[in-house]
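Report on the following structure.
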Protein chains: 2
Amino acid sequence: MEMTKAIVKENPRIEEIKELLEVAESREGLLTIFARCTVYYEGRAKSELGEGDRIIIIKPDGSFLIHQKKKREPVNWQPPGSKVKMEGNSLISIRRNPKETLKVDIIEAYAAVLFMAEDYEELTLTGSEAEMAELIFQNPNVIEEGFKPMFREKPIKHGIVDVLGVDREGNIVVLELKRRRADLHAVSQLKRYVDALKEEHGNKVRGILVAPSLTEGAKKLLEKLGLEFRKLEPPKKGKKKSSKQRTLDFFNPY
Amino acid sequence: MEMTKAIVKENPRIEEIKELLEVAESREGLLTIFARCTVYYEGRAKSELGEGDRIIIIKPDGSFLIHQKKKREPVNWQPPGSKVKMEGNSLISIRRNPKETLKVDIIEAYAAVLFMAEDYEELTLTGSEAEMAELIFQNPNVIEEGFKPMFREKPIKHGIVDVLGVDREGNIVVLELKRRRADLHAVSQLKRYVDALKEEHGNKVRGILVAPSLTEGAKKLLEKLGLEFRKLEPPKKGKKKSSKQRTLDFFNPY
DNA sequence: CTCTTAATGTCGCTA
DNA sequence: TAGCGACGTTAAGAG
């Protein structure tokens, strides 16, 4: 027997929203409210948002999102673990540590949807920095002939190095991996690791920034600091056992 | 005369979703779909998400969000400027530069809401790093007696410095501001600026990390590098002309 | 808890 | 458009 997955209310009264919220909490449902509202937030920072129409999403893990009609980012939010309640016409979500309060005054609700979502799938993603590291451990020659990677995510004096290894001359080699074009920050990060290792092991330390490309500024700083660059694209794994890398073109004819 | 703000369809057929999408596009509406679906993405990275119930939001600026029932972040998305279309049972959103494709196969739609949101308000936020800088320019003594801030967001050799000034001894002083607890990354950043300025102006350069607090690792590195720390909280402006800083307690009785 | 870092980061600003 | 850095960054992983 299938239960109703979505309970929809048009122009719900406040009492109906309150009921939906209670059911959402007890049954692990997603509550979405389409409403005219104002928003107040105080916590790490403090904000106000005047009257307007927004989408409010309350998730069973405590996540609370308020979306305006532009941008990818919610205009206000509360992270997972927050506790929500209704008080008069207001939705109030509170987080502890850090203490943060979000208050949404509902002026008019146009619709509300309680969604009993069933979802047991997790995203599988490829093309990450972690996969660049795997590639390097499987085939160290992509860095250079004779390179031997030894450690992954190795804590050193001031930070955690992506890959630590030795070259054919016996120098210590630090790799800093970036899945996208590397910038000044990446160079500073690598410099910090190289300095820390030089302090412990003397000057036989090389630093290599491994990325698909470099910004102009990063290139200049890298050269000045005597650090190196190896071009490497993050690998995107195909689905299956095809010898050639399959792209998603099979579903994307554009 | 008021138009309907929200058009709600329960268990919509694919054709109805297609119609809603067209109206949403022509009338700048927000379309939200509650559906069982699978998701494919390829662009900067590549991902797959198996069958499950999710909330899909398509905004008039091209933003495209897919939310699972946990976390603040969408599991998949497309940023503003993307173009969406419907093809068979699939929603396809395409971005150019970088080229990215998102494909959502709709297996079953439980509800769809077309929301003609009117919203002319923007968020006002206080407690930012920018306000820390303002505070320092208005009252340089929060850094130290005799400090004179000269430049804000000043481009130097390898980056852009938050605040550049001179102390009472005539030393050049670089401030790196952080609105929250400063970490190793912040120290490396400051070090980069100090090194660049020392190269141009000799050794009479001081670097000061200005933040509410420091991580342990940041403290150790800062000291080793001969850099300094000044404790400063980002100011949270009150609403009005009250002499005492008003908090949001007036609406938050907890 | 704190620390450290990646991220399809996103967003805003500027040359 | 690319570069640079903030963000109420969030999220994951380790200690």
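Ordering of the structure tokens sets the chain letters (A, B, ...); residue numbers start at 1 within each chain; ligands are numbered from 1 in the order shown.
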
Practice item. Within region 38-212 of chain B, find each residue whose DSSP state, derived from the backbone, is helix (DSSP H, G or I), and express the selection as a PyMOL selection string. Key: chain B and resi 129-138+140-142+184-201

Exercise for review: For DA7 (chain C), list every protein, DNA or RNA residue within 10 Å, evaluated using only C-alpha atoms (C1' of nucleotides), and leave out those in the same chain fewer than 6 positions away; present the list as a count of residues only.
Suggested key: 5

Review point. Of the candidates B:Gly127, B:Gly43, B:Gly165, B:Gly202, which shows the shortest atom-to-atom distance to chain A, using only C-alpha atoms?
Key: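 Between B:Gly127, B:Gly43, B:Gly165, B:Gly202, the residue approaching chain A most closely is B:Gly127.
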
**Study point:** Contact residues (chain C, partner chain B, 9 Å, only C-alpha atoms (C1' of nucleotides)) as a list in words
**Key:**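 My answer is DT2, DC3, DT4, DT8 and DT10 of chain C.
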
Review point. Any idea which chain D residues end up within 9 Å of chain A if we count only C-alpha atoms (C1' of nucleotides), as a count of residues only please?
Key: 5

Check your understanding: Of the candidates B:Pro98, B:Gly207, B:Gly159, B:Pro140, which shows the shortest atom-to-atom distance to chain A, using only C-alpha atoms?
Key ->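 For chain A, the nearest of the given residues is B:Gly159.
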